[in-house]
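K.L.:
My file is run.txt. It has compact mmCIF, C-alpha atoms and all ligand atoms:
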# COMPACT_ATOMS: atom_id res chain seq x y z
CA MET U 93 0.00 0.00 0.00
CA GLU U 94 1.30 3.47 -0.87
CA GLU U 95 2.13 5.64 2.15
CA GLU U 96 0.05 8.78 2.65
CA LYS U 97 1.98 11.88 1.65
CA GLY U 98 2.20 15.10 3.66
CA PHE U 99 0.15 18.25 3.00
CA GLU U 100 3.03 20.14 1.34
CA THR U 101 4.09 17.14 -0.79
CA ASN U 102 0.54 16.70 -2.08
CA ALA U 103 0.34 20.42 -2.85
CA ILE U 104 3.60 20.34 -4.81
CA ARG U 105 3.77 16.88 -6.34
CA THR U 106 0.16 16.36 -7.46
CA GLN U 107 0.55 17.10 -11.12
CA HIS U 108 -1.32 16.45 -14.33
CA GLU U 109 0.17 13.71 -16.49
CA ARG U 110 3.26 14.93 -18.35
CA SER U 111 2.71 15.69 -22.06
CA ALA U 112 4.82 14.38 -24.95
CA PHE U 113 7.09 17.42 -24.45
CA ARG U 114 8.35 16.11 -21.05
CA GLU U 115 7.80 19.45 -19.25
CA HIS U 116 8.71 19.71 -15.56
CA SER U 117 6.13 22.35 -14.64
CA VAL U 118 2.59 21.72 -15.87
CA PRO U 119 1.71 23.66 -19.05
CA LEU U 120 -1.31 25.88 -19.52
CA TYR U 121 -3.99 24.01 -21.51
CA MET U 122 -5.57 27.06 -23.09
CA THR U 123 -8.10 25.25 -25.27
CA SER U 124 -11.86 25.39 -25.40
CA SER U 125 -12.30 21.81 -26.63
CA PHE U 126 -10.45 18.50 -27.03
CA VAL U 127 -10.13 16.32 -30.12
CA PHE U 128 -11.66 12.83 -30.26
CA ASP U 129 -9.65 9.86 -31.54
CA ASP U 130 -12.68 8.52 -33.40
CA ALA U 131 -16.48 8.56 -33.56
CA GLU U 132 -16.82 5.77 -31.02
CA GLN U 133 -14.70 7.63 -28.45
CA ALA U 134 -16.81 10.78 -28.95
CA ARG U 135 -20.02 8.82 -28.41
CA ALA U 136 -18.70 7.00 -25.34
CA MET U 137 -17.39 10.20 -23.74
CA PHE U 138 -20.66 12.05 -24.23
CA ALA U 139 -22.48 9.04 -22.81
CA ASP U 140 -20.20 9.13 -19.71
CA GLU U 141 -19.09 5.57 -20.44
CA ILE U 142 -15.44 6.66 -20.50
CA SER U 143 -13.89 9.70 -18.87
CA GLY U 144 -11.87 12.32 -20.69
CA ASN U 145 -11.85 15.96 -21.59
CA ILE U 146 -14.49 17.08 -24.07
CA TYR U 147 -14.93 20.82 -23.60
CA SER U 148 -13.41 23.25 -21.05
CA ARG U 149 -16.81 24.19 -19.62
CA TYR U 150 -16.97 20.57 -18.37
CA SER U 151 -13.33 19.87 -17.52
CA ASN U 152 -9.77 20.79 -18.45
CA PRO U 153 -6.36 19.39 -17.38
CA ASN U 154 -5.58 22.58 -15.42
CA THR U 155 -8.84 22.60 -13.46
CA ASP U 156 -8.45 18.83 -12.87
CA GLU U 157 -5.00 19.33 -11.37
CA PHE U 158 -6.20 22.20 -9.17
CA ILE U 159 -9.14 20.13 -7.90
CA SER U 160 -7.07 16.97 -7.35
CA LYS U 161 -4.78 18.95 -5.05
CA LEU U 162 -7.63 20.56 -3.15
CA CYS U 163 -9.34 17.18 -2.67
CA LEU U 164 -6.17 15.74 -1.11
CA MET U 165 -5.81 18.80 1.12
CA GLU U 166 -9.45 18.85 2.27
CA GLY U 167 -9.84 15.06 2.46
CA THR U 168 -12.74 14.94 -0.01
CA GLU U 169 -13.44 12.52 -2.86
CA ASP U 170 -14.24 14.90 -5.66
CA GLY U 171 -14.71 18.55 -6.59
CA ILE U 172 -15.50 21.24 -9.14
CA ALA U 173 -13.56 24.41 -9.91
CA THR U 174 -15.69 27.51 -10.42
CA ALA U 175 -15.19 30.97 -11.89
CA SER U 176 -15.44 32.69 -8.49
CA GLY U 177 -16.09 31.99 -4.85
CA MET U 178 -19.68 33.13 -5.29
CA ALA U 179 -20.15 30.73 -8.22
CA ALA U 180 -19.01 28.00 -5.81
CA MET U 181 -21.42 29.09 -3.05
CA PHE U 182 -24.34 29.45 -5.47
CA SER U 183 -23.69 26.19 -7.35
CA SER U 184 -23.19 24.19 -4.15
CA MET U 185 -26.65 25.26 -3.00
CA ALA U 186 -28.61 25.57 -6.25
CA ALA U 187 -27.47 22.16 -7.50
CA LEU U 188 -28.84 20.39 -4.43
CA LEU U 189 -31.89 22.45 -3.42
CA LYS U 190 -35.34 22.68 -4.95
CA SER U 191 -38.42 24.80 -4.50
CA GLY U 192 -39.89 24.21 -1.02
CA ASP U 193 -36.52 23.51 0.62
CA HIS U 194 -35.15 25.49 3.55
CA VAL U 195 -31.54 26.43 4.39
CA LEU U 196 -30.28 27.10 7.89
CA ALA U 197 -27.30 29.46 7.72
CA CYS U 198 -25.12 31.25 10.20
CA ARG U 199 -26.06 34.92 10.26
CA SER U 200 -22.50 36.05 9.68
CA VAL U 201 -22.08 34.65 6.16
CA PHE U 202 -20.36 36.72 3.46
CA GLY U 203 -22.50 39.60 2.05
CA SER U 204 -23.19 38.06 -1.38
CA THR U 205 -24.12 34.74 0.24
CA HIS U 206 -26.69 36.75 2.23
CA GLN U 207 -28.04 38.13 -1.05
CA ILE U 208 -28.43 34.61 -2.47
CA LEU U 209 -30.35 33.50 0.62
CA ASP U 210 -32.37 36.68 1.25
CA THR U 211 -33.17 37.87 -2.27
CA ILE U 212 -32.38 35.37 -5.01
CA PHE U 213 -33.47 31.99 -3.58
CA PRO U 214 -36.89 33.19 -2.30
CA ARG U 215 -37.76 33.91 -5.97
CA PHE U 216 -37.32 30.18 -6.59
CA GLY U 217 -39.27 29.11 -3.50
CA ILE U 218 -36.23 28.31 -1.33
CA SER U 219 -36.46 29.76 2.17
CA TYR U 220 -33.85 30.31 4.89
CA SER U 221 -33.36 31.03 8.58
CA TYR U 222 -30.33 32.52 10.25
CA ALA U 223 -28.80 31.31 13.48
CA ASP U 224 -26.19 33.08 15.59
CA ILE U 225 -22.73 31.62 16.06
CA THR U 226 -22.70 32.75 19.65
CA LYS U 227 -25.97 30.92 20.45
CA PRO U 228 -25.43 27.28 19.39
CA GLU U 229 -28.18 26.15 21.79
CA LEU U 230 -30.80 27.71 19.45
CA TRP U 231 -29.71 26.06 16.21
CA GLU U 232 -31.61 22.78 16.54
CA SER U 233 -34.91 24.61 17.15
CA LYS U 234 -34.47 26.36 13.77
CA ILE U 235 -34.38 23.11 11.82
CA GLN U 236 -37.68 22.64 9.97
CA PRO U 237 -39.16 19.51 8.35
CA ASN U 238 -38.11 20.95 4.94
CA THR U 239 -34.58 21.97 5.98
CA ARG U 240 -32.12 20.37 3.61
CA MET U 241 -28.82 22.20 4.13
CA ILE U 242 -26.80 23.99 6.80
CA PHE U 243 -24.43 26.65 5.44
CA VAL U 244 -21.71 28.22 7.61
CA GLU U 245 -18.41 30.07 7.59
CA THR U 246 -15.87 29.73 10.37
CA PRO U 247 -14.06 31.87 11.44
CA SER U 248 -16.72 34.43 10.63
CA ASN U 249 -16.03 37.59 8.67
CA PRO U 250 -15.06 40.06 10.15
CA ALA U 251 -15.97 39.27 13.79
CA LEU U 252 -13.82 36.08 13.77
CA ASP U 253 -16.28 34.03 15.82
CA ILE U 254 -15.79 30.27 15.64
CA ILE U 255 -18.37 27.55 15.03
CA ASP U 256 -17.72 24.18 16.63
CA LEU U 257 -17.56 21.99 13.52
CA GLU U 258 -17.60 18.72 15.48
CA TRP U 259 -20.88 19.73 17.15
CA LEU U 260 -22.33 20.98 13.86
CA GLY U 261 -21.27 17.82 12.02
CA LYS U 262 -23.18 15.75 14.58
CA LEU U 263 -26.24 18.02 14.37
CA ALA U 264 -26.29 17.73 10.56
CA LYS U 265 -25.96 13.95 10.79
CA LYS U 266 -28.74 13.65 13.38
CA HIS U 267 -31.16 15.48 11.06
CA SER U 268 -29.76 14.07 7.76
CA LEU U 269 -28.85 17.53 6.48
CA ILE U 270 -26.11 18.51 4.06
CA LEU U 271 -23.49 20.51 5.94
CA ASN U 272 -21.82 23.04 3.63
CA VAL U 273 -18.81 24.93 5.06
CA ASP U 274 -17.21 27.94 3.34
CA ASN U 275 -13.58 27.29 4.34
CA CYS U 276 -12.11 30.35 2.64
CA PHE U 277 -10.91 32.15 5.79
CA ALA U 278 -9.15 29.12 7.28
CA THR U 279 -7.98 27.24 4.14
CA PRO U 280 -7.38 23.48 4.35
CA TYR U 281 -4.00 24.15 5.96
CA LEU U 282 -5.70 25.40 9.14
CA GLN U 283 -8.86 23.27 9.23
CA THR U 284 -10.49 20.49 7.23
CA PRO U 285 -14.28 20.66 7.77
CA ALA U 286 -14.86 17.28 6.06
CA ALA U 287 -12.97 15.63 8.93
CA TRP U 288 -15.66 16.98 11.31
CA GLY U 289 -18.56 15.78 9.14
CA ALA U 290 -19.04 18.53 6.52
CA HIS U 291 -20.51 17.10 3.31
CA LEU U 292 -19.46 20.04 1.16
CA VAL U 293 -16.47 22.36 1.53
CA THR U 294 -16.66 25.54 -0.51
CA HIS U 295 -13.95 28.06 -1.30
CA SER U 296 -13.29 31.47 -2.67
CA ALA U 297 -9.88 30.66 -4.17
CA THR U 298 -9.48 34.40 -4.73
CA LYS U 299 -8.24 34.80 -1.14
CA PHE U 300 -5.45 32.80 0.51
CA ILE U 301 -5.43 30.11 -2.19
CA ASP U 302 -4.27 32.61 -4.80
CA GLY U 303 -2.49 34.53 -2.08
CA GLN U 304 -1.33 37.38 -4.28
CA GLY U 305 -4.55 39.13 -5.29
CA ARG U 306 -4.34 38.22 -8.99
CA VAL U 307 -7.32 36.10 -10.04
CA ILE U 308 -10.87 35.22 -9.03
CA GLY U 309 -11.83 31.58 -8.53
CA GLY U 310 -13.69 29.10 -6.39
CA ALA U 311 -14.22 25.43 -5.64
CA VAL U 312 -16.87 23.01 -4.37
CA LEU U 313 -15.54 19.82 -2.79
CA GLY U 314 -17.32 16.80 -1.36
CA SER U 315 -18.36 13.18 -1.87
CA LYS U 316 -18.60 11.73 -5.39
CA GLU U 317 -22.36 11.46 -4.95
CA LEU U 318 -22.94 15.16 -4.12
CA ILE U 319 -20.34 16.46 -6.57
CA LYS U 320 -22.05 14.48 -9.34
CA GLU U 321 -25.11 16.71 -8.82
CA VAL U 322 -22.99 19.87 -8.64
CA ARG U 323 -21.11 18.81 -11.79
CA PHE U 324 -24.38 18.34 -13.68
CA PHE U 325 -25.46 21.82 -12.56
CA THR U 326 -22.19 23.59 -13.44
CA ARG U 327 -21.74 21.71 -16.71
CA HIS U 328 -25.08 23.00 -17.95
CA THR U 329 -25.17 26.44 -16.33
CA GLY U 330 -21.55 27.31 -17.10
CA PRO U 331 -19.69 28.91 -14.14
CA ALA U 332 -16.46 27.15 -15.16
CA MET U 333 -13.02 28.27 -14.00
CA ALA U 334 -10.82 29.49 -16.87
CA PRO U 335 -7.76 27.28 -17.59
CA PHE U 336 -5.38 30.17 -16.91
CA ASN U 337 -6.86 30.78 -13.44
CA ALA U 338 -6.70 27.06 -12.64
CA TRP U 339 -3.07 26.88 -13.80
CA LEU U 340 -2.16 29.86 -11.62
CA LEU U 341 -4.16 28.69 -8.59
CA SER U 342 -2.70 25.19 -8.76
CA LYS U 343 0.80 26.72 -8.63
CA SER U 344 -0.33 28.93 -5.72
CA LEU U 345 -1.40 25.86 -3.75
CA GLU U 346 2.24 24.69 -3.82
CA THR U 347 3.10 27.48 -1.36
CA LEU U 348 -0.14 27.59 0.66
CA ALA U 349 1.30 25.91 3.78
CA ILE U 350 4.37 28.11 4.03
CA ARG U 351 2.37 31.26 3.29
CA MET U 352 -0.29 30.43 5.88
CA GLU U 353 2.40 29.83 8.51
CA ARG U 354 3.71 33.36 7.99
CA HIS U 355 0.25 34.99 7.63
CA CYS U 356 -0.69 33.46 10.98
CA GLU U 357 2.60 34.32 12.68
CA ASN U 358 2.34 37.96 11.55
CA ALA U 359 -1.36 38.15 12.50
CA LEU U 360 -0.70 36.84 16.01
CA MET U 361 2.13 39.34 16.47
CA LEU U 362 -0.03 42.23 15.27
CA ALA U 363 -2.99 41.14 17.45
CA THR U 364 -0.75 40.82 20.52
CA HIS U 365 0.69 44.25 19.83
CA LEU U 366 -2.74 45.86 19.34
CA GLU U 367 -4.01 44.44 22.64
CA LYS U 368 -1.44 46.62 24.39
CA SER U 369 -2.48 49.85 22.62
CA ALA U 370 -4.29 52.39 24.78
CA GLU U 371 -6.22 53.58 21.70
CA VAL U 372 -7.71 50.15 20.96
CA VAL U 373 -10.86 49.08 22.78
CA LYS U 374 -10.95 45.45 21.69
CA VAL U 375 -8.92 43.03 19.54
CA LYS U 376 -10.34 39.84 18.11
CA TYR U 377 -8.06 37.03 16.92
CA PRO U 378 -8.87 33.31 17.32
CA PHE U 379 -5.49 32.43 18.88
CA LEU U 380 -5.46 35.28 21.44
CA PRO U 381 -6.26 33.88 24.91
CA SER U 382 -8.77 36.77 25.25
CA HIS U 383 -10.88 35.38 22.36
CA PRO U 384 -14.11 33.98 23.89
CA GLN U 385 -13.63 30.74 21.91
CA PHE U 386 -9.87 30.43 22.29
CA ALA U 387 -10.05 26.77 23.46
CA LEU U 388 -12.35 25.80 20.57
CA ALA U 389 -10.16 27.64 18.03
CA LYS U 390 -7.11 25.77 19.35
CA ARG U 391 -8.90 22.44 19.06
CA GLN U 392 -10.26 23.04 15.57
CA MET U 393 -7.60 25.11 13.83
CA ARG U 394 -3.89 24.48 13.35
CA LEU U 395 -3.14 28.24 13.66
CA GLY U 396 -5.27 31.36 14.20
CA GLY U 397 -5.58 32.57 10.59
CA GLY U 398 -4.46 35.68 8.75
CA ILE U 399 -7.20 38.11 9.81
CA VAL U 400 -7.28 40.37 12.86
CA SER U 401 -10.16 42.68 13.71
CA PHE U 402 -10.06 45.48 16.23
CA GLU U 403 -12.17 48.30 17.54
CA ILE U 404 -10.46 51.65 17.67
CA LYS U 405 -11.44 54.21 20.31
CA GLY U 406 -13.68 56.95 18.91
CA GLY U 407 -15.77 54.61 16.74
CA LEU U 408 -16.55 55.44 13.12
CA VAL U 409 -14.84 58.84 12.94
CA GLN U 410 -11.54 57.66 14.35
CA GLY U 411 -11.75 54.45 12.31
CA ARG U 412 -12.03 56.44 9.09
CA ARG U 413 -9.13 58.67 10.13
CA PHE U 414 -7.09 55.51 10.78
CA LEU U 415 -7.74 54.22 7.26
CA ASN U 416 -6.90 57.57 5.67
CA ALA U 417 -3.62 57.74 7.61
CA LEU U 418 -2.27 54.35 6.49
CA GLN U 419 0.88 54.70 4.41
CA MET U 420 1.88 51.19 3.38
CA ILE U 421 -1.13 49.02 4.16
CA SER U 422 -3.62 48.87 1.27
CA HIS U 423 -7.22 49.99 1.58
CA THR U 424 -9.07 47.50 -0.63
CA PRO U 425 -11.83 44.89 -0.16
CA ASN U 426 -9.77 41.74 -0.81
CA LEU U 427 -8.01 39.59 1.79
CA GLY U 428 -5.48 36.76 1.85
CA ASP U 429 -2.87 38.71 -0.15
CA THR U 430 0.88 39.03 0.39
CA ARG U 431 0.12 42.73 0.93
CA THR U 432 -1.54 43.70 4.21
CA ILE U 433 -5.04 45.07 3.66
CA ALA U 434 -7.30 47.13 5.93
CA ILE U 435 -11.02 47.74 5.55
CA HIS U 436 -13.84 49.30 7.57
CA PRO U 437 -16.62 46.64 7.31
CA ALA U 438 -19.52 48.83 8.54
CA SER U 439 -19.18 51.34 5.69
CA THR U 440 -18.01 48.94 2.94
CA THR U 441 -18.31 45.11 2.86
CA HIS U 442 -21.24 45.01 5.31
CA SER U 443 -22.86 48.36 4.50
CA LYS U 444 -25.98 46.64 3.06
CA LEU U 445 -26.85 45.34 6.53
CA THR U 446 -28.75 47.54 8.97
CA GLU U 447 -27.02 48.77 12.14
CA GLU U 448 -28.97 46.11 14.13
CA GLU U 449 -28.01 43.35 11.70
CA ARG U 450 -24.37 44.39 11.93
CA ALA U 451 -24.55 44.32 15.72
CA LEU U 452 -25.97 40.78 15.58
CA VAL U 453 -22.90 39.58 13.66
CA GLY U 454 -20.49 41.46 15.93
CA ILE U 455 -19.67 44.39 13.62
CA THR U 456 -19.32 47.58 15.62
CA PRO U 457 -19.15 51.04 13.97
CA GLY U 458 -15.42 51.43 14.68
CA MET U 459 -14.32 47.91 13.74
CA ILE U 460 -11.33 47.62 11.41
CA ARG U 461 -10.45 44.34 9.70
CA ILE U 462 -6.81 43.74 8.88
CA ALA U 463 -5.91 40.94 6.50
CA VAL U 464 -2.33 40.55 7.57
CA GLY U 465 0.12 40.07 4.71
CA LEU U 466 3.64 38.79 4.39
CA GLU U 467 5.60 42.05 4.64
CA THR U 468 8.15 42.32 7.46
CA ILE U 469 6.05 42.35 10.63
CA THR U 470 7.85 45.36 12.12
CA ASP U 471 6.84 47.40 9.04
CA ILE U 472 3.21 46.28 9.34
CA ILE U 473 3.12 47.18 13.04
CA ARG U 474 4.85 50.52 12.39
CA ASP U 475 2.23 51.52 9.80
CA VAL U 476 -0.65 50.49 12.07
CA GLU U 477 0.93 52.38 14.99
CA GLN U 478 1.46 55.60 13.06
CA ALA U 479 -2.09 55.45 11.64
CA ILE U 480 -3.49 54.97 15.17
CA SER U 481 -1.48 57.99 16.41
CA ALA U 482 -2.61 60.06 13.42
CA SER U 483 -6.25 59.10 14.04
CA VAL U 484 -6.00 60.25 17.67
CA ASN U 485 -4.50 63.56 16.63
CA GLY U 486 -7.28 64.41 14.20
CA GLY U 487 -7.00 64.36 10.43
CA GLU U 488 -9.44 63.62 7.65
CA ALA U 489 -12.30 61.30 8.61
C1 LIG U 501 -15.92 34.03 3.13
C2 LIG U 501 -16.10 34.40 1.69
N1 LIG U 501 -16.83 33.60 0.90
C3 LIG U 501 -17.03 33.90 -0.39
C4 LIG U 501 -16.49 35.01 -0.96
C5 LIG U 501 -16.75 35.31 -2.42
O1 LIG U 501 -15.66 34.97 -3.21
P1 LIG U 501 -15.35 35.61 -4.64
O2 LIG U 501 -15.09 37.05 -4.42
O3 LIG U 501 -14.17 34.83 -5.10
O4 LIG U 501 -16.56 35.39 -5.48
C6 LIG U 501 -15.70 35.88 -0.19
C7 LIG U 501 -15.07 37.11 -0.68
O5 LIG U 501 -15.24 37.73 -1.63
C8 LIG U 501 -15.51 35.56 1.18
O6 LIG U 501 -14.78 36.35 1.99
Rewrite the coordinates I just gave you, this time as structure tokens.

P.N.:
Amino acid sequence: MEEEKGFETNAIRTQHERSAFREHSVPLYMTSSFVFDDAEQARAMFADEISGNIYSRYSNPNTDEFISKLCLMEGTEDGIATASGMAAMFSSMAALLKSGDHVLACRSVFGSTHQILDTIFPRFGISYSYADITKPELWESKIQPNTRMIFVETPSNPALDIIDLEWLGKLAKKHSLILNVDNCFATPYLQTPAAWGAHLVTHSATKFIDGQGRVIGGAVLGSKELIKEVRFFTRHTGPAMAPFNAWLLSKSLETLAIRMERHCENALMLATHLEKSAEVVKVKYPFLPSHPQFALAKRQMRLGGGIVSFEIKGGLVQGRRFLNALQMISHTPNLGDTRTIAIHPASTTHSKLTEEERALVGITPGMIRIAVGLETITDIIRDVEQAISASVNGGEA
């Protein structure tokens, strides 16, 4: 029996079959379709009697390689690469739900996932309920006879609350529900939801998987049985990942482990530093002992992740001054980049929510989210420090 390989080895050595040119690094298969050997092969491939590439909306060697790596990393049987994270979230739900079904989701899901649940799905007769991460005791009472799926993100964005995946896996099993976990914040290097009972693991590959803010992409991973349904849906509705993005993202996965180690190390150092600042009211980071779910985070995650959120004194006004005073750190909505990024969730990523809804998911008016990058940590801390000082001393809000 072949010995199981390590996370990094799988990420680096899982490679599409070498072509006749004997390349070392996998080439980019920039082709819309593939040529059949003969009429019988064409018939058999279309009839799913034999596998093989037909058309890049269905499959492509680059997307296959990307997905093979992610499956090994997440411990899932099969998967689909999608054009974006949202295409992954939408396809993973739409492929498996029908009119009359109900979804139970954590309230703190990503903004566009909210839009799918609140606005788009109700048009197709699919209803939803939200449950709060901080009140797990209420979740079971929200399961209805027509509930078919539970959808969560952990850690949550941007409050960084943690859901106990072992508990949720058992709850989903007890009620025969599909548990779908958006694992984009943690990545498979920090946590593998399938090991706790998740049936589907979804990703925005745009974040830490790319890691350098270059392309948009996503993935849906799970059992062969569920992915068969998702594949049927994506094959015919078309949210396929482009070969170039798959080629690039597969190369990015080679360095995911080493990048996540440094993202997490830098984030912990920044969070620890911020906790000592007199101008900061509160710091949230899963691996800070002050995090309310520190013990759970330690049990479930290898490291604390690359995101730190904090509440600056003086609320919204001082928070805006802080952002305007940053010199090196970028002010942009992405995360999971080599470059450190800051954003004010209440006025940007979560501005569509009401003040009350934001409060329910832990977003205060002065909260700043920092996606800690890979620059030298002393430079990151210096920029944050000078922006905090500038925000105290006035300046443009
Ligand atoms: C947790 C989470 N899920 C999904 C998405 C959507 O991914 P994409 O922008 O790749 O469509 C994002 C960010 O954009 C996200 O932060």

K.L.:
Residues of chain U that have any atom at most 7 Å from an atom of ligand LIG 501 (chain U): could you tabulate them with the shortest-distance atom pair and the distance in Å to one decimal, using only C-alpha atoms and all ligand atoms, ordered by chain and increasing number, as JSON lines?

P.N.:
{"residue": "U:Ser176", "atom": "CA", "partner": "U:LIG501", "partner_atom": "O4", "distance": 4.2}
{"residue": "U:Gly177", "atom": "CA", "partner": "U:LIG501", "partner_atom": "O1", "distance": 3.4}
{"residue": "U:Met178", "atom": "CA", "partner": "U:LIG501", "partner_atom": "O4", "distance": 3.9}
{"residue": "U:Ala179", "atom": "CA", "partner": "U:LIG501", "partner_atom": "O4", "distance": 6.5}
{"residue": "U:Val201", "atom": "CA", "partner": "U:LIG501", "partner_atom": "C1", "distance": 6.9}
{"residue": "U:Phe202", "atom": "CA", "partner": "U:LIG501", "partner_atom": "C2", "distance": 5.2}
{"residue": "U:Glu245", "atom": "CA", "partner": "U:LIG501", "partner_atom": "C1", "distance": 6.5}
{"residue": "U:Asn249", "atom": "CA", "partner": "U:LIG501", "partner_atom": "C1", "distance": 6.6}
{"residue": "U:Asp274", "atom": "CA", "partner": "U:LIG501", "partner_atom": "N1", "distance": 6.2}
{"residue": "U:Cys276", "atom": "CA", "partner": "U:LIG501", "partner_atom": "C1", "distance": 5.3}
{"residue": "U:Phe277", "atom": "CA", "partner": "U:LIG501", "partner_atom": "C1", "distance": 6.0}
{"residue": "U:His295", "atom": "CA", "partner": "U:LIG501", "partner_atom": "N1", "distance": 6.6}
{"residue": "U:Ser296", "atom": "CA", "partner": "U:LIG501", "partner_atom": "O3", "distance": 4.2}
{"residue": "U:Ala297", "atom": "CA", "partner": "U:LIG501", "partner_atom": "O3", "distance": 6.1}
{"residue": "U:Thr298", "atom": "CA", "partner": "U:LIG501", "partner_atom": "O3", "distance": 4.7}
{"residue": "U:Ile308", "atom": "CA", "partner": "U:LIG501", "partner_atom": "O3", "distance": 5.1}
{"residue": "U:Gly309", "atom": "CA", "partner": "U:LIG501", "partner_atom": "O3", "distance": 5.3}
{"residue": "U:Gly310", "atom": "CA", "partner": "U:LIG501", "partner_atom": "O3", "distance": 5.9}
{"residue": "U:Asn426", "atom": "CA", "partner": "U:LIG501", "partner_atom": "O5", "distance": 6.8}

K.L.:
Could you work out an axis-aligned bounding box for all listed atoms of region 279-291 of chain U, with 6 Å added on each of the six sides, and give its centre and edge lengths in Å to one decimal, as AutoDock Vina command-line options?

P.N.:
--center_x -12.3 --center_y 21.4 --center_z 7.3 --size_x 28.5 --size_y 23.6 --size_z 20.0

K.L.:
I need the residue nearest Ile433 (chain U) from this list: U:Arg110, U:Trp231, U:Asp475, U:Ser148. Use only C-alpha atoms for the distance.

P.N.:
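The shortest atom-to-atom distance to Ile433 (chain U) comes from U:Asp475.
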
K.L.:
Considering all atoms listed in the file, can you say which of U:Leu466, U:Ile255, U:Ile460, U:Ile455 comes closest to Arg431 (chain U)?

P.N.:
U:Leu466

K.L.:
What would the list of residues within 12 Å of (3.9, 27.8, 5.1) (file frame) look like as a list in words, if only C-alpha atoms are what count?

P.N.:
Phe99, Glu100, Ala103, Thr279, Tyr281, Leu282, Phe300, Gly303, Ser344, Leu345, Glu346, Thr347, Leu348, Ala349, Ile350, Arg351, Met352, Glu353, Arg354, His355, Cys356, Glu357, Arg394, Leu395, Gly397 and Leu466 of chain U

K.L.:
In terms of the shortest atom-to-atom distance over all atoms listed in the file, which of U:Gly458, U:Pro384, U:Gly261, U:Gly305 is closest to Glu371 (chain U)?

P.N.:
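Result for the nearest residue to Glu371 (chain U): U:Gly458.
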
K.L.:
How many Å lie between CA of Lys390 (chain U) and CA of Lys299 (chain U), rounded to one decimal?

P.N.:
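Rounded to one decimal, the two atoms are 22.4 Å apart.
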
K.L.:
Please, what distance in Å, to one decimal, runs between CA of Leu269 (chain U) and CA of Trp288 (chain U)?

P.N.:
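Computing the Euclidean distance for CA of Leu269 (chain U) and CA of Trp288 (chain U) yields 14.1 Å.
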
K.L.:
Scan for residues within 9 Å of the point (-4.8, 30.6, -16.4) in the coordinates of the file, using all atoms listed in the file, and reply as a PyMOL selection string.

P.N.:
chain U and resi 120-122+154+307+333-341

K.L.:
Between CA of Gly330 (chain U) and CA of Glu109 (chain U), measure the distance and give it in Å to one decimal.

P.N.:
25.6 Å

K.L.:
Provide region 469-480 of chain U rebuilt to N, CA and C atoms, formatted as a PDB file, keeping the file's coordinate frame.

P.N.:
ATOM      1  N   ILE U 469       7.054  42.022   9.601  1.00  0.00           N
ATOM      2  CA  ILE U 469       6.050  42.350  10.630  1.00  0.00           C
ATOM      3  C   ILE U 469       6.308  43.696  11.295  1.00  0.00           C
ATOM      4  N   THR U 470       7.583  44.064  11.471  1.00  0.00           N
ATOM      5  CA  THR U 470       7.850  45.360  12.120  1.00  0.00           C
ATOM      6  C   THR U 470       7.327  46.503  11.241  1.00  0.00           C
ATOM      7  N   ASP U 471       7.364  46.345   9.931  1.00  0.00           N
ATOM      8  CA  ASP U 471       6.840  47.400   9.040  1.00  0.00           C
ATOM      9  C   ASP U 471       5.313  47.461   9.108  1.00  0.00           C
ATOM     10  N   ILE U 472       4.681  46.294   9.228  1.00  0.00           N
ATOM     11  CA  ILE U 472       3.210  46.280   9.340  1.00  0.00           C
ATOM     12  C   ILE U 472       2.816  46.978  10.641  1.00  0.00           C
ATOM     13  N   ILE U 473       3.458  46.602  11.728  1.00  0.00           N
ATOM     14  CA  ILE U 473       3.120  47.180  13.040  1.00  0.00           C
ATOM     15  C   ILE U 473       3.400  48.689  13.033  1.00  0.00           C
ATOM     16  N   ARG U 474       4.509  49.087  12.421  1.00  0.00           N
ATOM     17  CA  ARG U 474       4.850  50.520  12.390  1.00  0.00           C
ATOM     18  C   ARG U 474       3.764  51.321  11.665  1.00  0.00           C
ATOM     19  N   ASP U 475       3.264  50.797  10.544  1.00  0.00           N
ATOM     20  CA  ASP U 475       2.230  51.520   9.800  1.00  0.00           C
ATOM     21  C   ASP U 475       0.935  51.603  10.608  1.00  0.00           C
ATOM     22  N   VAL U 476       0.574  50.492  11.249  1.00  0.00           N
ATOM     23  CA  VAL U 476      -0.650  50.490  12.070  1.00  0.00           C
ATOM     24  C   VAL U 476      -0.494  51.495  13.209  1.00  0.00           C
ATOM     25  N   GLU U 477       0.659  51.471  13.855  1.00  0.00           N
ATOM     26  CA  GLU U 477       0.930  52.380  14.990  1.00  0.00           C
ATOM     27  C   GLU U 477       0.819  53.849  14.581  1.00  0.00           C
ATOM     28  N   GLN U 478       1.480  54.191  13.460  1.00  0.00           N
ATOM     29  CA  GLN U 478       1.460  55.600  13.060  1.00  0.00           C
ATOM     30  C   GLN U 478       0.056  56.026  12.638  1.00  0.00           C
ATOM     31  N   ALA U 479      -0.711  55.103  12.051  1.00  0.00           N
ATOM     32  CA  ALA U 479      -2.090  55.450  11.640  1.00  0.00           C
ATOM     33  C   ALA U 479      -2.974  55.620  12.881  1.00  0.00           C
ATOM     34  N   ILE U 480      -2.727  54.803  13.919  1.00  0.00           N
ATOM     35  CA  ILE U 480      -3.490  54.970  15.170  1.00  0.00           C
ATOM     36  C   ILE U 480      -3.162  56.333  15.762  1.00  0.00           C
TER      37      ILE U 480
END
